[in-house]
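Engineer: Okay, so here is target.txt, and as you'll see once you scroll down, it has compact mmCIF, C-alpha atoms and all ligand atoms.
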```
# COMPACT_ATOMS: atom_id res chain seq x y z
CA MET W 288 -28.08 0.65 1.77
CA GLY W 289 -24.32 0.63 2.07
CA ILE W 290 -21.85 2.72 4.00
CA GLU W 291 -22.78 6.15 5.28
CA ILE W 292 -19.87 8.30 6.40
CA SER W 293 -21.05 11.49 8.06
CA ARG W 294 -19.13 14.61 9.11
CA LEU W 295 -15.90 12.83 10.09
CA ARG W 296 -13.23 14.87 11.76
CA ARG W 297 -9.75 13.73 12.79
CA GLN W 298 -7.50 16.21 14.48
CA PHE W 299 -3.77 15.90 15.25
CA GLY W 300 -3.00 18.84 17.54
CA GLN W 301 -4.14 21.94 15.68
CA PHE W 302 -4.08 20.12 12.35
CA ALA W 303 -7.22 18.61 10.85
CA ALA W 304 -6.29 15.51 8.84
CA LEU W 305 -10.02 15.03 8.13
CA ASP W 306 -12.34 18.01 8.19
CA ASP W 307 -16.08 17.40 7.91
CA VAL W 308 -15.87 14.42 5.54
CA SER W 309 -19.19 12.92 4.42
CA LEU W 310 -19.61 10.18 1.84
CA SER W 311 -22.13 7.49 0.93
CA ILE W 312 -20.89 4.27 -0.66
CA ALA W 313 -23.41 1.94 -2.26
CA ASP W 314 -23.20 -1.83 -1.85
CA GLY W 315 -20.83 -3.30 -4.41
CA GLU W 316 -19.49 0.07 -5.51
CA PHE W 317 -15.83 0.68 -6.41
CA VAL W 318 -14.88 4.10 -5.08
CA ALA W 319 -11.46 5.70 -5.50
CA VAL W 320 -10.24 8.25 -2.98
CA LEU W 321 -7.87 10.49 -4.90
CA GLY W 322 -5.71 13.28 -3.51
CA PRO W 323 -2.15 14.50 -3.16
CA SER W 324 0.13 13.37 -0.35
CA GLY W 325 -1.15 14.45 3.06
CA SER W 326 -4.72 15.09 1.92
CA GLY W 327 -6.21 12.65 4.45
CA LYS W 328 -6.81 9.52 2.35
CA THR W 329 -5.08 7.09 4.69
CA SER W 330 -6.61 8.76 7.75
CA LEU W 331 -10.06 8.01 6.29
CA LEU W 332 -9.15 4.42 5.52
CA ARG W 333 -7.70 3.80 8.97
CA ILE W 334 -10.92 4.96 10.61
CA LEU W 335 -13.01 2.69 8.40
CA ALA W 336 -10.69 -0.24 9.17
CA GLY W 337 -10.93 0.36 12.93
CA LEU W 338 -7.23 1.22 13.27
CA ASP W 339 -8.09 4.75 14.43
CA GLN W 340 -11.06 6.64 15.85
CA PRO W 341 -12.37 10.02 14.63
CA ASP W 342 -12.79 13.02 16.94
CA ALA W 343 -16.26 13.59 15.56
CA GLY W 344 -18.66 12.11 13.04
CA SER W 345 -20.16 8.71 12.37
CA VAL W 346 -19.87 5.69 10.08
CA HIS W 347 -22.83 3.38 9.58
CA ARG W 348 -23.16 0.24 7.48
CA ASP W 349 -26.70 -0.80 6.73
CA GLY W 350 -27.76 1.23 9.75
CA GLU W 351 -25.21 -0.39 12.10
CA ASP W 352 -22.70 1.87 13.88
CA LEU W 353 -19.32 0.68 12.55
CA LEU W 354 -17.24 2.83 14.90
CA THR W 355 -18.34 0.92 18.00
CA LEU W 356 -17.27 -2.39 16.45
CA ASP W 357 -13.84 -3.81 17.14
CA ALA W 358 -11.62 -3.88 14.00
CA ARG W 359 -11.79 -7.68 13.77
CA ARG W 360 -15.58 -7.65 13.79
CA ARG W 361 -15.99 -5.12 10.98
CA GLY W 362 -15.60 -7.58 8.14
CA VAL W 363 -12.94 -5.42 6.49
CA GLY W 364 -10.19 -6.69 4.20
CA LEU W 365 -7.09 -4.50 3.99
CA VAL W 366 -4.30 -4.27 1.44
CA PHE W 367 -1.55 -1.69 1.87
CA GLN W 368 1.25 -0.64 -0.42
CA HIS W 369 3.78 -2.39 1.80
CA TYR W 370 1.55 -4.84 3.59
CA ALA W 371 4.35 -7.34 3.78
CA LEU W 372 3.42 -10.98 3.53
CA PHE W 373 4.81 -13.23 6.23
CA PRO W 374 8.16 -14.19 4.69
CA HIS W 375 8.49 -17.52 6.48
CA MET W 376 5.07 -18.72 5.29
CA THR W 377 4.23 -20.07 1.87
CA VAL W 378 1.70 -18.33 -0.35
CA ALA W 379 -0.99 -20.81 0.76
CA GLN W 380 -0.15 -20.33 4.45
CA ASN W 381 -0.26 -16.55 4.03
CA VAL W 382 -3.69 -16.71 2.44
CA ALA W 383 -4.96 -19.13 5.11
CA PHE W 384 -3.69 -16.96 7.96
CA GLY W 385 -6.84 -14.90 8.56
CA LEU W 386 -8.93 -18.07 8.89
CA GLN W 387 -6.40 -19.97 10.99
CA VAL W 388 -6.15 -17.30 13.68
CA ARG W 389 -9.90 -17.26 14.27
CA PRO W 390 -11.09 -18.46 17.70
CA TRP W 391 -11.59 -22.21 17.46
CA ARG W 392 -15.40 -21.94 17.55
CA LEU W 393 -15.36 -19.78 14.40
CA ARG W 394 -12.45 -21.48 12.68
CA PRO W 395 -13.37 -23.57 9.63
CA ARG W 396 -12.11 -27.16 9.45
CA ALA W 397 -8.69 -27.68 7.89
CA SER W 398 -10.27 -29.14 4.75
CA ALA W 399 -12.57 -26.12 4.39
CA ILE W 400 -9.63 -23.73 4.85
CA LYS W 401 -7.69 -25.59 2.17
CA ALA W 402 -10.64 -25.46 -0.21
CA SER W 403 -11.08 -21.75 0.29
CA VAL W 404 -7.35 -21.04 -0.15
CA ASP W 405 -7.34 -23.07 -3.39
CA GLU W 406 -10.36 -21.13 -4.63
CA LEU W 407 -8.80 -17.75 -3.76
CA LEU W 408 -5.50 -18.62 -5.40
CA ARG W 409 -7.41 -19.68 -8.49
CA ARG W 410 -9.23 -16.35 -8.47
CA VAL W 411 -6.02 -14.34 -8.24
CA GLU W 412 -4.48 -16.59 -10.89
CA LEU W 413 -1.74 -17.95 -8.64
CA GLU W 414 -2.87 -21.53 -8.11
CA SER W 415 0.48 -22.94 -9.17
CA PHE W 416 2.33 -20.68 -6.70
CA ALA W 417 0.80 -22.09 -3.49
CA ALA W 418 4.03 -23.63 -2.22
CA ARG W 419 6.27 -20.69 -3.00
CA TYR W 420 7.56 -18.20 -0.45
CA PRO W 421 6.99 -14.43 -0.88
CA ALA W 422 10.65 -13.84 -1.77
CA GLN W 423 10.13 -16.09 -4.82
CA LEU W 424 7.35 -13.85 -6.23
CA SER W 425 7.31 -10.66 -8.30
CA GLY W 426 5.89 -7.47 -6.75
CA GLY W 427 2.65 -7.81 -8.67
CA GLN W 428 2.25 -11.45 -7.61
CA ARG W 429 2.86 -10.48 -3.98
CA GLN W 430 0.13 -7.89 -4.09
CA ARG W 431 -2.27 -10.46 -5.57
CA VAL W 432 -1.41 -12.79 -2.67
CA ALA W 433 -2.05 -9.87 -0.27
CA LEU W 434 -5.43 -9.40 -1.95
CA ALA W 435 -6.25 -13.12 -1.65
CA ARG W 436 -5.26 -12.98 2.02
CA ALA W 437 -7.54 -9.97 2.57
CA LEU W 438 -10.40 -11.79 0.82
CA ALA W 439 -10.01 -15.01 2.81
CA ILE W 440 -12.12 -13.67 5.67
CA GLN W 441 -14.92 -12.90 3.19
CA PRO W 442 -14.92 -9.17 3.94
CA ARG W 443 -17.94 -7.00 3.32
CA LEU W 444 -15.65 -4.06 2.64
CA LEU W 445 -12.31 -4.08 0.88
CA LEU W 446 -9.91 -1.23 1.66
CA LEU W 447 -6.94 -0.83 -0.66
CA ASP W 448 -4.31 1.79 0.19
CA GLU W 449 -2.07 2.47 -2.82
CA PRO W 450 -1.85 -1.29 -3.41
CA PHE W 451 0.16 -0.82 -6.60
CA GLY W 452 2.26 2.09 -5.32
CA ALA W 453 5.51 0.18 -5.16
CA LEU W 454 5.18 -1.50 -8.56
CA ASP W 455 6.60 -0.37 -11.87
CA ALA W 456 4.43 1.42 -14.42
CA GLN W 457 3.59 -1.46 -16.76
CA VAL W 458 2.76 -3.87 -13.92
CA ARG W 459 0.53 -1.19 -12.40
CA VAL W 460 -1.40 -0.73 -15.62
CA ASN W 461 -1.93 -4.50 -15.97
CA LEU W 462 -2.98 -4.93 -12.34
CA ARG W 463 -5.43 -2.03 -12.60
CA ARG W 464 -7.31 -3.77 -15.40
CA TRP W 465 -7.09 -7.07 -13.63
CA LEU W 466 -8.44 -5.63 -10.35
CA ARG W 467 -11.26 -3.87 -12.15
CA GLU W 468 -12.37 -7.14 -13.74
CA PHE W 469 -11.84 -8.95 -10.47
CA HIS W 470 -14.11 -6.49 -8.70
CA ARG W 471 -16.77 -6.95 -11.37
CA SER W 472 -16.80 -10.68 -10.81
CA LEU W 473 -16.76 -10.40 -7.00
CA GLY W 474 -18.86 -7.29 -6.37
CA ILE W 475 -17.36 -6.47 -2.94
CA THR W 476 -17.75 -2.84 -1.87
CA THR W 477 -14.27 -1.41 -2.40
CA LEU W 478 -12.51 1.78 -1.37
CA PHE W 479 -9.30 2.32 -3.26
CA VAL W 480 -6.86 5.04 -2.16
CA THR W 481 -4.50 6.52 -4.70
CA HIS W 482 -2.70 9.74 -5.59
CA ASP W 483 -2.59 8.69 -9.26
CA GLN W 484 -5.24 10.42 -11.35
CA ASP W 485 -5.16 7.91 -14.21
CA GLU W 486 -5.54 5.02 -11.80
CA ALA W 487 -8.60 6.56 -10.12
CA LEU W 488 -10.27 7.68 -13.34
CA GLU W 489 -9.69 4.39 -15.10
CA MET W 490 -10.84 2.07 -12.33
CA ALA W 491 -13.52 3.63 -10.18
CA ASP W 492 -17.30 3.86 -10.47
CA ARG W 493 -16.98 7.09 -8.52
CA VAL W 494 -14.05 9.22 -7.50
CA VAL W 495 -13.73 11.22 -4.28
CA VAL W 496 -11.26 14.10 -4.70
CA MET W 497 -9.59 15.09 -1.43
CA ASN W 498 -7.46 18.10 -0.56
CA ARG W 499 -6.25 19.17 2.88
CA GLY W 500 -8.59 16.89 4.75
CA ARG W 501 -11.69 17.97 2.87
CA ILE W 502 -13.66 16.47 0.01
CA GLU W 503 -13.50 18.78 -3.00
CA GLN W 504 -15.73 16.76 -5.29
CA ILE W 505 -17.46 13.40 -5.61
CA GLY W 506 -18.53 12.15 -9.02
CA THR W 507 -18.06 9.68 -11.82
CA PRO W 508 -14.66 9.86 -13.52
CA GLU W 509 -16.26 11.60 -16.48
CA GLN W 510 -18.12 14.17 -14.37
CA ILE W 511 -14.97 15.04 -12.50
CA TYR W 512 -12.77 15.24 -15.57
CA ARG W 513 -15.29 17.15 -17.69
CA HIS W 514 -16.77 19.36 -15.00
CA PRO W 515 -14.33 19.88 -12.12
CA ALA W 516 -16.17 21.64 -9.29
CA THR W 517 -13.28 23.56 -7.75
CA PRO W 518 -10.03 25.15 -8.92
CA PHE W 519 -8.15 22.39 -7.07
CA ALA W 520 -10.10 19.60 -8.81
CA SER W 521 -9.57 21.36 -12.12
CA ARG W 522 -5.79 21.59 -11.62
CA PHE W 523 -5.38 18.15 -10.09
CA ILE W 524 -7.66 16.12 -12.34
CA ALA W 525 -8.15 18.03 -15.57
CA ARG W 526 -4.72 19.69 -15.58
CA GLY W 527 -6.45 23.08 -15.66
CA GLN W 528 -3.96 25.95 -16.02
CA PRO W 529 -4.61 29.46 -14.71
CA LEU W 530 -5.12 32.39 -17.07
CA PRO W 531 -5.51 36.04 -16.11
CA GLY W 532 -9.13 37.12 -16.47
CA ASN W 533 -11.67 39.51 -15.11
CA VAL W 534 -15.43 39.66 -15.14
CA GLU W 535 -17.21 42.66 -16.62
CA GLY W 536 -20.98 42.32 -16.29
CA ALA W 537 -22.02 39.25 -18.24
CA THR W 538 -18.67 38.84 -19.95
CA LEU W 539 -15.26 37.50 -19.13
CA ARG W 540 -12.19 39.26 -20.50
CA VAL W 541 -9.16 37.01 -21.05
CA LEU W 542 -6.01 38.26 -22.82
CA GLY W 543 -7.95 40.87 -24.74
CA GLN W 544 -10.70 38.47 -25.81
CA VAL W 545 -14.25 38.77 -24.58
CA TRP W 546 -16.15 35.58 -23.65
CA ARG W 547 -19.83 35.42 -22.86
CA LEU W 548 -20.58 34.28 -19.30
CA ASP W 549 -23.71 32.25 -18.69
CA GLY W 550 -25.11 31.63 -15.22
CA PHE W 551 -22.21 33.20 -13.36
CA ALA W 552 -23.39 35.32 -10.44
CA MET W 553 -20.80 37.47 -8.67
CA ASP W 554 -22.68 37.44 -5.31
CA ASN W 555 -20.18 36.65 -2.52
CA VAL W 556 -17.40 36.26 -5.07
CA HIS W 557 -14.11 37.72 -3.91
CA ALA W 558 -11.78 36.31 -6.60
CA VAL W 559 -12.12 34.56 -9.92
CA ALA W 560 -9.90 31.80 -11.32
CA VAL W 561 -9.93 31.05 -15.04
CA HIS W 562 -8.57 27.70 -16.19
CA VAL W 563 -7.77 26.15 -19.56
CA ARG W 564 -6.95 22.47 -20.10
CA PRO W 565 -4.08 21.30 -22.32
CA GLU W 566 -6.40 19.76 -24.91
CA ASP W 567 -8.42 22.98 -25.17
CA ILE W 568 -5.44 24.97 -26.42
CA VAL W 569 -5.55 24.47 -30.18
CA PRO W 570 -3.37 25.83 -32.94
CA ALA W 571 -5.13 28.29 -35.23
CA LEU W 572 -5.34 27.20 -38.84
CA ARG W 573 -4.42 30.59 -40.22
CA GLN W 574 -1.51 32.83 -39.37
CA GLY W 575 -2.42 36.03 -37.59
CA GLU W 576 -5.55 34.53 -36.09
CA GLY W 577 -5.82 33.96 -32.34
CA LEU W 578 -3.17 34.56 -29.70
CA CYS W 579 0.53 34.54 -30.35
CA ALA W 580 2.46 31.81 -28.54
CA ARG W 581 6.14 30.87 -28.61
CA LEU W 582 6.88 27.18 -28.72
CA LEU W 583 9.23 26.47 -25.80
CA SER W 584 9.33 22.69 -25.85
CA LEU W 585 7.87 19.62 -27.52
CA ARG W 586 7.57 16.19 -25.96
CA HIS W 587 6.27 13.14 -27.72
CA VAL W 588 4.39 10.89 -25.30
CA ALA W 589 2.52 7.77 -26.43
CA GLY W 590 0.78 9.12 -29.53
CA SER W 591 0.42 12.68 -28.37
CA VAL W 592 2.52 15.79 -28.41
CA ARG W 593 2.90 17.98 -25.34
CA ALA W 594 3.91 21.49 -26.21
CA GLY W 595 5.18 24.12 -23.77
CA LEU W 596 3.93 27.54 -24.85
CA GLN W 597 4.82 31.03 -23.72
CA VAL W 598 1.80 33.23 -24.27
CA ASP W 599 2.05 37.01 -23.85
CA GLY W 600 0.29 38.08 -20.68
CA VAL W 601 0.40 34.62 -19.04
CA GLU W 602 3.02 34.27 -16.31
CA GLU W 603 3.69 30.53 -16.38
CA PRO W 604 4.21 28.60 -19.63
CA LEU W 605 1.07 26.73 -20.71
CA GLU W 606 1.02 23.07 -21.68
CA ALA W 607 -0.98 22.10 -24.75
CA GLU W 608 -1.65 18.54 -25.85
CA TRP W 609 -2.31 17.48 -29.41
CA SER W 610 -2.37 14.16 -31.21
CA GLU W 611 0.76 13.29 -33.20
CA ARG W 612 -1.28 13.19 -36.38
CA ASP W 613 -2.67 16.68 -35.92
CA TRP W 614 0.68 18.03 -34.89
CA GLY W 615 2.22 16.52 -38.01
CA ARG W 616 -0.20 18.57 -40.12
CA HIS W 617 0.81 21.73 -38.38
CA GLY W 618 4.53 21.16 -37.97
CA ALA W 619 6.36 23.92 -36.12
CA ALA W 620 9.72 23.77 -34.36
CA VAL W 621 10.82 24.82 -30.91
CA GLY W 622 11.48 28.56 -30.95
CA ASP W 623 8.78 29.26 -33.61
CA SER W 624 5.81 31.46 -32.88
CA ILE W 625 2.41 29.98 -33.56
CA ASP W 626 -1.15 31.22 -33.24
CA ILE W 627 -3.44 29.48 -30.80
CA HIS W 628 -7.04 29.52 -29.66
CA PHE W 629 -8.65 28.48 -26.44
CA GLN W 630 -11.48 26.13 -27.20
CA ALA W 631 -13.10 26.20 -23.76
CA LEU W 632 -12.43 27.85 -20.41
CA THR W 633 -13.71 27.19 -16.92
CA ILE W 634 -14.22 30.06 -14.51
CA PHE W 635 -14.57 29.71 -10.73
CA GLY W 636 -15.70 32.47 -8.38
CA THR W 637 -14.49 31.99 -4.79
CA ASP W 638 -15.11 33.81 -1.51
CA ARG W 639 -12.39 34.96 0.89
CA GLU W 640 -12.07 31.45 2.36
CA GLY W 641 -11.61 29.93 -1.08
CA ARG W 642 -15.10 28.37 -1.22
CA VAL W 643 -16.59 28.22 -4.69
CA HIS W 644 -19.77 30.28 -5.13
CA ALA W 645 -20.03 30.41 -8.89
CA ARG W 646 -18.72 28.29 -11.70
CA SER W 647 -19.20 28.38 -15.43
CA GLU W 648 -17.84 26.79 -18.59
CA CYS W 649 -17.25 29.26 -21.43
CA HIS W 650 -17.06 28.60 -25.13
CA PRO W 651 -15.28 30.54 -27.85
CA PRO W 652 -16.18 34.13 -28.45
CA HIS W 653 -15.11 34.01 -32.11
CA ALA W 654 -18.09 32.37 -33.75
CA ALA W 655 -21.69 31.69 -32.94
CA SER W 656 -21.28 28.09 -34.06
CA PRO W 657 -17.74 26.76 -33.99
CA VAL W 658 -16.83 24.53 -36.90
CA ALA W 659 -15.38 21.17 -35.92
CA VAL W 660 -12.32 20.02 -37.83
CA GLY W 661 -11.18 16.72 -36.37
CA PRO W 662 -10.02 17.18 -32.81
CA TRP W 663 -9.06 20.80 -33.51
CA ARG W 664 -12.15 22.81 -33.52
CA ARG W 665 -11.95 25.78 -35.82
CA LEU W 666 -13.20 28.79 -34.02
CA SER W 667 -14.40 30.71 -37.04
CA ALA W 668 -15.66 29.53 -40.39
CA GLU W 669 -13.12 29.73 -43.23
N1 LIG N 1 -0.53 10.08 13.84
C1 LIG N 1 -0.40 11.29 13.30
N2 LIG N 1 0.08 12.32 14.00
C2 LIG N 1 0.18 13.56 13.45
N3 LIG N 1 -0.16 13.86 12.18
C3 LIG N 1 -0.64 12.85 11.43
C4 LIG N 1 -0.79 11.52 11.93
N4 LIG N 1 -1.30 10.74 10.95
C5 LIG N 1 -1.45 11.55 9.88
N5 LIG N 1 -1.07 12.80 10.15
C6 LIG N 1 -1.10 13.96 9.25
O1 LIG N 1 -2.39 14.03 8.66
C7 LIG N 1 -2.30 14.39 7.28
C8 LIG N 1 -3.02 13.39 6.44
O2 LIG N 1 -2.29 12.17 6.46
P1 LIG N 1 -2.75 10.92 5.57
O3 LIG N 1 -1.77 9.82 5.86
O4 LIG N 1 -4.17 10.66 5.82
O5 LIG N 1 -2.53 11.50 4.11
P2 LIG N 1 -2.57 10.75 2.70
O6 LIG N 1 -3.48 11.54 1.84
O7 LIG N 1 -2.89 9.31 2.90
O8 LIG N 1 -1.08 10.94 2.22
P3 LIG N 1 -0.10 9.91 1.40
O9 LIG N 1 -0.61 9.87 0.01
O10 LIG N 1 1.24 10.60 1.52
O11 LIG N 1 -0.16 8.61 2.13
C9 LIG N 1 -0.81 14.52 6.97
O12 LIG N 1 -0.45 15.88 6.98
C10 LIG N 1 -0.14 13.77 8.09
O13 LIG N 1 1.12 14.31 8.38
```
Is it possible to give me this structure as C-alpha cells?
Structural biologist:
Amino acid sequence: MGIEISRLRRQFGQFAALDDVSLSIADGEFVAVLGPSGSGKTSLLRILAGLDQPDAGSVHRDGEDLLTLDARRRGVGLVFQHYALFPHMTVAQNVAFGLQVRPWRLRPRASAIKASVDELLRRVELESFAARYPAQLSGGQRQRVALARALAIQPRLLLLDEPFGALDAQVRVNLRRWLREFHRSLGITTLFVTHDQDEALEMADRVVVMNRGRIEQIGTPEQIYRHPATPFASRFIARGQPLPGNVEGATLRVLGQVWRLDGFAMDNVHAVAVHVRPEDIVPALRQGEGLCARLLSLRHVAGSVRAGLQVDGVEEPLEAEWSERDWGRHGAAVGDSIDIHFQALTIFGTDREGRVHARSECHPPHAASPVAVGPWRRLSAE
C-alpha cells in the first residue's frame, strides 16, 4: 500500500500546471520530485497537503480518498523553503505548536507535549537550543527546527518543498546527508521537491522528473542518470548535449561516423535527437584519430576538468568532463586542437507532439570490442 496519485490535472486558465500526473509512492519511500522552475512541483505538493484541489484526478492513501479530507486531517507534515518559524516563540514553543493548537480532546497533556518536544529536538540534534529564538539560529538550524515542528504531529506523509533552497552550498550538502540518515531512522513516507539534480540523485530512493506539468520519467537515481527516457530528462539530468545525426536503415550517421542502431524502430518517428554526455566525450590517444575539436575553455572543478570544445559540424560548443589525473596525462592548452571520440550516444525518436516512440543507446562504431584504458575507453586497439 501507500499513496496512489492518479491522473491529476490542475488548470490555471488555459495553462495546465499539472497535466495527467500519476505516481505511486510506497510506504516509507523517499521520493524526490525534480524539475525546473514552473514545472508543477509545488502544485503537486499543495494538492497532497490539502492547500489546493485538482480539477481532475484522485489521490488515495491505503485505499482512502485523501482529497475529501480536510488538510488538518491528512496527517501531513510540511516544510517549505521559507516556512518561517514564529519569531516570538522559542525553538521548543515552535516545535510544540502543532500539538498545542489541537482541540482540547485531542491535545496531549503538557508533560506529554514537553516529552515529545524534547525527543524531537534530540532527533534533530538541537536539544541544547530549546530556549533560543529563531533569530538566534543559523539557516540550517532553523530548517531543522521546521522539520521537528512538522514531525511533532506524527505525520504519515512528510512534504518538503525546497527545504534547503535558501541555504549556502556547504550547509545544503551537510543537511542532505543528515536528512537522508534521518529518514532512514524514521521511515516516514517523504516527498521532497527540488530543482537541484545532485540533491535529488543523492538523496532519493526514486526520482520523479517533471517538465511543463507532466512526468517525464520515474526511476531510481541510477536508472534516470544512466538511461534517461526522454530528450528533456537526458538534458536535465545527464547533461546530454545535442549532436546532428540522421538514421539510415539500421545505422545512425553522426558527423561522418556510422553507428549501429539496435532496436530503434522509425514507426511514428517524426524527428530524432542524438545526445552525448560530457563524460562520454573522450580524448583520442593518438593524433589524427577521431574528430577534431578546438579547446575553447578549461575549468577545474573539484577533481575534474570541464572542457569547452568546438567540434566541426556541431553548432553549440560541447562540454566534456575528465578527471584531473587523466587530463594531466593528456595536457593540452586552450586554443589547441585535440582529437576526440564519443564513447556512447543516446538517440530518441519523437513524434510531432514530441512524444518519444523509440530510444536506443549506441556504442562506438570503431571497434567490435572497445579496449578500456582507465576511465578513457580506447575505441580501437593499439
Ligand atoms: N495560483 C496560480 N495561478 C496561476 N498560475 C499558477 C498558480 N500557481 C501556479 N501557477 C503556475 O503553474 C506553474 C507551475 O507552478 P509550480 O509552483 O507548481 O512550479 P514549480 O515547479 O514548483 O516551480 P518553482 O521551482 O519555481 O517553485 C507555473 O507556471 C506557475 O506560474
Engineer: What does the distance from CA of Gly325 in chain W to atom O4 of ligand LIG 1 (chain N) come to in Å, to one decimal?
Structural biologist: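 Taking CA of Gly325 in chain W as the start and atom O4 of ligand LIG 1 (chain N) as the end point, the length is 5.6 Å.
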Engineer: Using all atoms of ligand LIG 1 (chain N) that appear in the file, construct an axis-aligned enclosing box with 5 Å of padding on every side and provide its centre coordinates and edge lengths in Å, rounded to one decimal, as JSON.
Structural biologist:
```
{"center_x": -1.5, "center_y": 12.2, "center_z": 7.0, "size_x": 15.4, "size_y": 17.3, "size_z": 24.0}
```
Engineer: Return as an NGL selection string the residues of protein, DNA or RNA that approach ligand LIG 1 (chain N) to within 6 Å, with only C-alpha atoms and all ligand atoms taken into account.
Structural biologist: :W and (299 or 304 or 323-330 or 482)
Engineer: How far is it from CA of Arg646 in chain W to CA of Trp546 in chain W, in Å with one decimal?
Structural biologist: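 Calculated distance between CA of Arg646 in chain W and CA of Trp546 in chain W is 14.2 Å.
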Engineer: For CA of Leu446 in chain W and CA of Ser311 in chain W, determine how far apart the two atoms are, in Å to one decimal place.
Structural biologist: 15.0 Å
Engineer: Please return, as JSON, numbers by chain, all polymer residues that have at least one atom within 10 Å of the point (8.3, -18.5, 3.5); use only C-alpha atoms and the file's own coordinate frame.
Structural biologist: {"W": [372, 373, 374, 375, 376, 377, 378, 379, 380, 381, 418, 419, 420, 421, 422, 423]}
Engineer: Skipping near chain neighbours, those fewer than 2 positions away, what residues fall within 12 Å of Val460 in chain W using all atoms listed in the file, listed as a VMD selection string?
Structural biologist: chain W and resid 427 451 to 452 454 to 458 462 to 467 483 485 to 487 489 to 490
Engineer: Using only C-alpha atoms, which protein or nucleic acid residues come within 12 Å of Asp623 in chain W? Drop anything in the same chain fewer than 2 positions from it, and give the result as an MDAnalysis selection string.
Structural biologist: chainID W and resid 579:585 594:597 617:621 625:626
Engineer: Residues near Phe519 in chain W, anyone? I mean within 12 Å using all atoms listed in the file, not counting same-chain ones fewer than 2 positions away, as a PyMOL selection string.
Structural biologist: chain W and resi 322-323+496-499+501-504+511+515-517+521-529+560-562+635+637+641-643
Engineer: Quick one: of W:Val563, W:Ile505, W:Ala433, W:Ala371, who's nearest to Ser309 in chain W, counting all atoms listed in the file?
Structural biologist: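 Once distances to Ser309 in chain W are computed over all atoms listed in the file, the minimum belongs to W:Ile505.
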Engineer: Select, from W:Ala435, W:Ala645, W:Leu488, W:Ala358, the residue with the minimum atom-to-atom distance to Ala383 in chain W, counting only C-alpha atoms.
Structural biologist: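 Of W:Ala435, W:Ala645, W:Leu488, W:Ala358, the one nearest Ala383 in chain W, counting only C-alpha atoms, is W:Ala435.
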Engineer: With distances taken over all atoms listed in the file, which residue among W:Glu606, W:Glu640, W:Glu316, W:Asp599 lies nearest His557 in chain W?
Structural biologist: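 Under the stated criterion, the closest residue is W:Glu640.
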Engineer: Identify which of the residues W:Ile400, W:Pro450, W:Arg593, W:Arg410 lies closest to Thr481 in chain W, counting all atoms listed in the file when measuring atom-to-atom distances.
Structural biologist: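 Of W:Ile400, W:Pro450, W:Arg593, W:Arg410, the one nearest Thr481 in chain W, counting all atoms listed in the file, is W:Pro450.
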Engineer: Name all residues at most 12 Å from Asp314 in chain W (count all atoms listed in the file; drop same-chain ones fewer than 6 positions away) and give them as a ChimeraX atom specification.
Structural biologist: /W:288-291,348-349,443-445,473-478,492
Engineer: Which polymer residues have any atom within 7 Å of an atom of Asp567 in chain W, counting all atoms listed in the file, with same-chain residues fewer than 6 positions away left out, as a list in words?
Structural biologist: Phe629, Gln630 and Ala631 of chain W
Engineer: Taking into account only C-alpha atoms, which residue in the set W:Leu338, W:Phe367, W:Arg394, W:Ala491 is nearest to Arg431 in chain W?
Structural biologist: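 Of W:Leu338, W:Phe367, W:Arg394, W:Ala491, the one nearest Arg431 in chain W is W:Phe367, counting only C-alpha atoms.
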